[in-house]
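K.L.:
upload34.txt is reproduced below (compact mmCIF, C-alpha atoms).
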```txt
# COMPACT_ATOMS: atom_id res chain seq x y z
CA MET P 28 95.70 32.70 127.32
CA ALA P 29 94.80 33.76 123.79
CA THR P 30 97.50 33.36 121.17
CA SER P 31 98.95 36.69 120.09
CA GLN P 32 98.60 37.83 116.53
CA THR P 33 102.35 37.56 115.97
CA GLU P 34 102.31 33.97 117.21
CA GLN P 35 99.34 33.18 114.96
CA ILE P 36 101.23 34.51 111.93
CA VAL P 37 104.31 32.45 112.84
CA GLN P 38 102.09 29.36 113.23
CA LEU P 39 100.38 29.96 109.91
CA LYS P 40 103.69 30.41 108.09
CA GLN P 41 104.95 27.14 109.53
CA LYS P 42 101.81 25.30 108.43
CA LEU P 43 102.10 26.81 104.96
CA ARG P 44 105.74 25.73 104.74
CA ASP P 45 104.70 22.15 105.49
CA LEU P 46 101.97 22.37 102.87
CA THR P 47 104.37 23.80 100.31
CA HIS P 48 106.61 20.76 100.66
CA LEU P 49 103.66 18.50 99.92
CA LYS P 50 102.57 20.72 97.07
CA SER P 51 106.05 20.72 95.51
CA ALA P 52 106.29 16.94 95.83
CA LEU P 53 102.96 16.57 94.05
CA ALA P 54 103.92 19.03 91.32
CA VAL P 55 107.27 17.34 90.67
CA PHE P 56 105.61 13.93 90.65
CA ALA P 57 102.89 15.06 88.23
CA MET P 58 105.35 16.92 86.00
CA GLY P 59 107.68 13.93 85.88
CA SER P 60 105.05 11.89 84.14
CA ARG P 61 104.24 14.71 81.72
CA SER P 62 107.82 15.60 80.77
CA GLU P 63 108.20 12.27 79.03
CA TYR P 64 105.90 13.51 76.29
CA ALA P 65 107.28 17.05 76.01
CA MET U 11 107.29 5.41 82.65
CA PRO U 12 106.02 1.85 82.12
CA LYS U 13 102.66 2.09 80.35
CA LYS U 14 100.97 -0.28 82.77
CA GLY U 15 102.07 1.96 85.65
CA ALA U 16 99.98 4.92 84.46
CA ARG U 17 96.91 3.99 86.45
CA LEU U 18 98.83 3.42 89.66
CA ARG U 19 100.61 6.74 89.22
CA ALA U 20 97.26 8.45 88.64
CA GLU U 21 95.96 6.90 91.85
CA THR U 22 99.00 8.13 93.74
CA ILE U 23 98.62 11.66 92.38
CA ALA U 24 94.91 11.56 93.25
CA HIS U 25 95.70 10.46 96.79
CA LEU U 26 98.32 13.19 97.24
CA SER U 27 95.91 15.80 95.85
CA GLU U 28 93.21 14.72 98.29
CA LEU U 29 95.72 14.78 101.15
CA LEU U 30 96.84 18.29 100.23
CA HIS U 31 93.24 19.46 99.97
CA ASP U 32 92.45 17.95 103.37
CA ARG U 33 95.50 19.55 105.03
CA PHE U 34 94.63 22.93 103.54
CA ILE U 35 91.08 22.85 104.82
CA HIS U 36 92.27 21.88 108.30
CA LEU U 37 94.56 24.91 108.40
CA ASN U 38 91.70 26.75 110.02
CA ASP U 39 90.69 24.12 112.59
CA ASP U 40 91.90 26.36 115.39
CA GLY U 41 90.37 29.43 113.75
CA VAL U 42 93.77 30.98 112.98
CA VAL U 43 93.00 31.74 109.34
CA THR U 44 89.67 33.38 110.19
CA SER U 45 91.26 35.36 113.00
CA LEU U 46 94.12 36.59 110.81
CA LYS U 47 91.69 37.46 108.02
CA ALA U 48 89.92 39.75 110.49
CA ALA U 49 93.30 41.25 111.43
CA LEU U 50 94.06 41.78 107.72
CA GLU U 51 90.91 43.84 107.34
CA THR U 52 92.10 46.28 110.00
CA GLY U 53 94.91 47.25 107.58
CA LYS U 54 97.47 47.22 110.36
CA LEU U 55 99.56 44.27 109.19
CA ASN U 56 102.80 44.72 107.27
CA ASP U 57 102.84 44.13 103.51
CA GLN U 58 104.44 40.70 103.62
CA ASP U 59 102.07 39.29 106.23
CA SER U 60 99.10 40.89 104.48
CA VAL U 61 99.89 39.13 101.22
CA ILE U 62 100.44 35.76 102.92
CA ILE U 63 97.12 36.00 104.77
CA ARG U 64 95.19 37.36 101.79
CA GLU U 65 96.39 34.56 99.51
CA THR U 66 95.94 31.86 102.14
CA TRP U 67 92.39 33.05 102.67
CA ARG U 68 91.70 33.04 98.93
CA GLU U 69 92.96 29.48 98.54
CA TYR U 70 91.34 28.29 101.77
CA ARG U 71 87.93 29.60 100.71
CA ARG U 72 88.22 27.93 97.31
CA GLU U 73 89.37 24.56 98.69
CA LYS U 74 86.61 24.59 101.30
CA LYS U 75 83.99 24.74 98.55
CA LEU U 76 85.36 21.63 96.82
CA PRO U 77 84.42 18.18 98.12
CA ALA U 78 87.45 15.93 98.79
CA GLN U 79 86.04 13.21 96.54
CA PHE U 80 85.76 15.72 93.70
CA VAL U 81 89.38 16.86 94.11
CA LYS U 82 90.50 13.24 94.04
CA GLU U 83 88.44 12.37 90.97
CA LEU U 84 89.69 15.38 89.00
CA ALA U 85 93.32 14.61 89.85
CA GLN U 86 92.85 10.97 88.90
CA ILE U 87 91.20 11.63 85.53
CA THR U 88 93.62 14.39 84.47
CA SER U 89 96.58 12.19 85.30
CA GLU U 90 95.16 9.19 83.44
CA ALA U 91 94.16 11.42 80.53
CA ASN U 92 97.75 12.48 80.08
CA THR U 93 98.87 8.97 79.18
CA VAL U 94 95.81 8.42 76.99
CA TRP U 95 96.53 11.70 75.17
CA ALA U 96 100.13 10.65 74.49
CA ASN U 97 98.92 7.35 73.09
CA ALA U 98 96.20 9.03 71.00
CA ARG U 99 98.75 11.49 69.60
CA ALA U 100 101.16 8.69 68.68
CA GLN U 101 98.36 6.92 66.82
CA SER U 102 96.84 10.17 65.45
CA ASP U 103 93.52 8.99 66.84
CA PHE U 104 91.67 11.74 68.70
CA SER U 105 88.73 9.45 69.43
CA LEU U 106 90.84 7.64 72.06
CA TYR U 107 91.22 10.87 74.01
CA LEU U 108 87.73 12.29 73.46
CA PRO U 109 85.92 10.51 76.36
CA PHE U 110 88.61 11.71 78.79
CA LEU U 111 88.43 15.26 77.49
CA GLN U 112 84.65 15.20 77.83
CA LYS U 113 84.91 13.95 81.40
CA ILE U 114 87.47 16.64 82.29
CA ILE U 115 85.26 19.37 80.80
CA ASP U 116 82.29 18.07 82.80
CA LEU U 117 84.34 18.07 85.98
CA LYS U 118 85.67 21.59 85.34
CA LYS U 119 82.10 22.80 84.81
CA GLN U 120 81.22 21.17 88.11
CA GLU U 121 84.19 22.88 89.74
CA ALA U 122 82.95 26.26 88.56
CA GLU U 123 79.58 25.54 90.12
CA TYR U 124 81.16 24.51 93.41
CA VAL U 125 83.38 27.60 93.54
CA GLY U 126 80.72 30.01 92.32
CA TYR U 127 80.87 32.98 89.95
CA THR U 128 78.95 36.09 89.10
CA ASP U 129 79.48 36.61 85.37
CA THR U 130 80.64 33.47 83.58
CA PRO U 131 81.67 29.98 84.87
CA TYR U 132 85.17 30.50 83.49
CA ASP U 133 85.77 33.25 86.05
CA ALA U 134 85.82 30.55 88.72
CA LEU U 135 88.46 28.58 86.80
CA LEU U 136 90.54 31.56 85.69
CA ASP U 137 91.05 32.52 89.31
CA THR U 138 93.58 29.72 89.84
CA TYR U 139 95.80 31.02 87.02
CA GLU U 140 95.15 34.75 87.06
CA PRO U 141 93.87 35.61 90.54
CA TYR U 142 91.46 38.54 90.76
CA THR U 143 91.20 38.73 86.96
CA THR U 144 87.91 38.21 85.15
CA THR U 145 87.16 36.55 81.82
CA ARG U 146 85.80 39.88 80.61
CA GLU U 147 89.16 41.57 81.24
CA ILE U 148 91.13 38.80 79.54
CA ALA U 149 88.74 38.81 76.56
CA ALA U 150 89.41 42.52 76.04
CA VAL U 151 93.18 41.91 75.97
CA LEU U 152 92.86 38.99 73.56
CA GLU U 153 90.59 41.04 71.31
CA GLU U 154 93.29 43.69 71.10
CA VAL U 155 95.95 41.09 70.28
CA LYS U 156 93.66 39.53 67.65
CA HIS U 157 93.37 42.83 65.80
CA PHE U 158 97.09 42.85 65.29
CA LEU U 159 97.82 39.13 65.04
CA VAL U 160 95.32 37.97 62.41
CA PRO U 161 96.44 40.40 59.65
CA TYR U 162 100.06 39.95 60.70
CA LEU U 163 99.78 36.18 60.29
CA GLN U 164 98.26 36.69 56.85
CA LYS U 165 101.20 38.91 55.95
CA ILE U 166 103.64 36.18 57.01
CA LYS U 167 101.75 33.52 55.04
CA GLN U 168 101.81 35.66 51.89
CA SER U 169 105.46 36.58 52.26
CA HIS U 170 107.96 35.14 49.81
CA THR U 171 110.86 35.72 52.17
CA THR U 172 112.63 32.52 53.06
CA PHE U 173 114.96 31.84 55.93
CA ASP U 174 117.38 29.02 56.52
CA THR U 175 116.52 27.88 60.06
CA ASN U 176 119.77 25.91 60.23
CA LYS U 177 121.40 29.25 60.94
CA LEU U 178 119.71 29.18 64.33
CA LYS U 179 121.29 25.89 65.31
CA GLY U 180 124.71 25.57 66.85
CA ASP U 181 126.82 26.80 69.76
CA PHE U 182 126.86 30.56 70.20
CA ALA U 183 129.13 32.44 72.56
CA TYR U 184 127.37 33.75 75.66
CA GLU U 185 128.73 37.28 75.12
CA LYS U 186 127.44 37.33 71.55
CA GLN U 187 123.99 36.22 72.74
CA ILE U 188 123.94 39.04 75.31
CA ALA U 189 125.05 41.54 72.64
CA LEU U 190 122.22 40.34 70.40
CA ILE U 191 119.46 41.27 72.87
CA PRO U 192 119.55 45.11 72.51
CA TRP U 193 119.88 44.74 68.72
CA TRP U 194 116.86 42.44 68.67
CA LEU U 195 114.80 44.71 70.93
CA LYS U 196 115.58 47.69 68.72
CA LEU U 197 114.51 45.72 65.65
CA LEU U 198 111.26 44.75 67.37
CA ALA U 199 110.59 48.32 68.40
CA THR U 200 111.12 49.67 64.91
CA THR U 201 109.40 46.96 62.90
CA LEU U 202 106.84 45.12 65.01
CA MET U 203 105.69 47.74 67.49
CA PRO U 204 104.49 50.30 64.93
CA ALA U 205 102.29 47.53 63.52
CA VAL U 206 100.85 46.86 66.97
CA SER U 207 99.87 50.47 67.47
CA MET U 208 98.24 50.64 64.05
```
Could you show the structure in this file as structure tokens?

P.N.:
Amino acid sequence: MATSQTEQIVQLKQKLRDLTHLKSALAVFAMGSRSEYA
Amino acid sequence: MPKKGARLRAETIAHLSELLHDRFIHLNDDGVVTSLKAALETGKLNDQDSVIIRETWREYRREKKLPAQFVKELAQITSEANTVWANARAQSDFSLYLPFLQKIIDLKKQEAEYVGYTDTPYDALLDTYEPYTTTREIAAVLEEVKHFLVPYLQKIKQSHTTFDTNKLKGDFAYEKQIALIPWWLKLLATTLMPAVSM
């Protein structure tokens, strides 16, 4: 059965949440090294 | 950070960047992003979902145009360059940083080619900071600011007014800081703003 649009949106939001965690970790890690020279 | 750890940290950042890029591209493995993009174009989604899908699509399309190896290389060099820049600044020796800057510029030019543009390569790079804005639009704004700022800077340089900046240092009560804001805005409106509209 095809996934409903509502389910697709819920799935996408969950995937984006997972990505955001990775993105934040990367940003904090990268910023940490830069802040030493601020 | 230990100086000898800079390279390892750069490699870690590069790896994480590549991983993130890879995950983003695989968002659409099951065709969900493409399917929702089609739904977005019907105009029947609510505002919140529309924005999420529009922005995911924008980022997905951009990431898809960039090779993973390129993403990794750019992350690696910019991270390494940061430590080199700090060292060059401490020694007041720009030549130490120059090869890194040149490499970064070359890579950013390459990025613009990968992403694509219609007017100027910088449009492709600007999109990550100011989505949907073009270089032409930003240039017009900066031109306007320049008209005011250049003569204003001259005026400041020629001024004989002095100010003791020590007055700005110290502990100031929160309430007094809050009370200062409307006073300061009024001063700006009556002194600076007329100059802007000149």

K.L.:
Edge lengths and centre in Å to one decimal, as JSON, of the axis-aligned box that encloses all listed atoms of segment 14-31 of chain U with 3 Å added on every side?

P.N.:
```
{"center_x": 97.6, "center_y": 9.6, "center_z": 92.0, "size_x": 14.9, "size_y": 25.7, "size_z": 24.4}
```

K.L.:
May I have the residues of chain U within 8 Å of chain P, counting only C-alpha atoms, written as a ChimeraX atom specification?

P.N.:
/U:11,23,26-27,30,33-34,37,42-43,46,59,89,92,96

K.L.:
How about saving the chosen residues, C-alpha atoms kept, as a PDB file, in the coordinates of the input?

P.N.:
```pdb
ATOM      1  CA  MET U  11     107.290   5.410  82.650  1.00  0.00           C
ATOM      2  CA  ILE U  23      98.620  11.660  92.380  1.00  0.00           C
ATOM      3  CA  LEU U  26      98.320  13.190  97.240  1.00  0.00           C
ATOM      4  CA  SER U  27      95.910  15.800  95.850  1.00  0.00           C
ATOM      5  CA  LEU U  30      96.840  18.290 100.230  1.00  0.00           C
ATOM      6  CA  ARG U  33      95.500  19.550 105.030  1.00  0.00           C
ATOM      7  CA  PHE U  34      94.630  22.930 103.540  1.00  0.00           C
ATOM      8  CA  LEU U  37      94.560  24.910 108.400  1.00  0.00           C
ATOM      9  CA  VAL U  42      93.770  30.980 112.980  1.00  0.00           C
ATOM     10  CA  VAL U  43      93.000  31.740 109.340  1.00  0.00           C
ATOM     11  CA  LEU U  46      94.120  36.590 110.810  1.00  0.00           C
ATOM     12  CA  ASP U  59     102.070  39.290 106.230  1.00  0.00           C
ATOM     13  CA  SER U  89      96.580  12.190  85.300  1.00  0.00           C
ATOM     14  CA  ASN U  92      97.750  12.480  80.080  1.00  0.00           C
ATOM     15  CA  ALA U  96     100.130  10.650  74.490  1.00  0.00           C
TER      16      ALA U  96
END
```

K.L.:
What separation in Å, quoted to one decimal, exists between atom CA of Arg71 of chain U and atom CA of His36 of chain U?

P.N.:
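Taking atom CA of Arg71 of chain U as the start and atom CA of His36 of chain U as the end point, the length is 11.7 Å.
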
K.L.:
Considering all atoms listed in the file, can you say which of U:Ala199, U:Ala16, U:Val81, U:Ala49 comes closest to Ser31 of chain P?

P.N.:
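With all atoms listed in the file as the atom set, the closest residue is U:Ala49.
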
K.L.:
So the first atom is atom CA of Lys118 of chain U and the second is atom CA of Leu76 of chain U; what is the distance between them in Å, to one decimal place?

P.N.:
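Separating atom CA of Lys118 of chain U from atom CA of Leu76 of chain U is a distance of 11.5 Å.
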
K.L.:
What is the distance, in Å and to one decimal place, between atom CA of Ile35 of chain U and atom CA of Glu73 of chain U?

P.N.:
6.6 Å

K.L.:
Do a neighbour search on Ala20 of chain U at 8 Å with all atoms listed in the file, toss out local chain neighbours closer than 5 positions, and write the hits as a list in words.

P.N.:
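Listed by chain and then number, they are Ala85, Gln86, Ile87, Ser89 and Glu90 of chain U.
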
K.L.:
Could you take the residues named above and write them with C-alpha atoms, as a PDB file, in the coordinates of the input?

P.N.:
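Resulting contents of part-v4.pdb:
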```pdb
ATOM      1  CA  ALA U  85      93.320  14.610  89.850  1.00  0.00           C
ATOM      2  CA  GLN U  86      92.850  10.970  88.900  1.00  0.00           C
ATOM      3  CA  ILE U  87      91.200  11.630  85.530  1.00  0.00           C
ATOM      4  CA  SER U  89      96.580  12.190  85.300  1.00  0.00           C
ATOM      5  CA  GLU U  90      95.160   9.190  83.440  1.00  0.00           C
TER       6      GLU U  90
END
```

K.L.:
For a quick check of understanding, using only C-alpha atoms, which of U:Asp40, U:Asp32, U:Glu69, U:Glu83 has the smallest distance to Asp137 of chain U?

P.N.:
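Of the candidates, the smallest distance to Asp137 of chain U is held by U:Glu69.
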
K.L.:
Need to verify the contact set: Glu121 of chain U, 12 Å, only C-alpha atoms, exclusion of same-chain residues closer than 6 positions in sequence. Can you return it as a VMD selection string?

P.N.:
chain U and resid 72 to 81 83 to 84 114 to 115 127 131 to 138
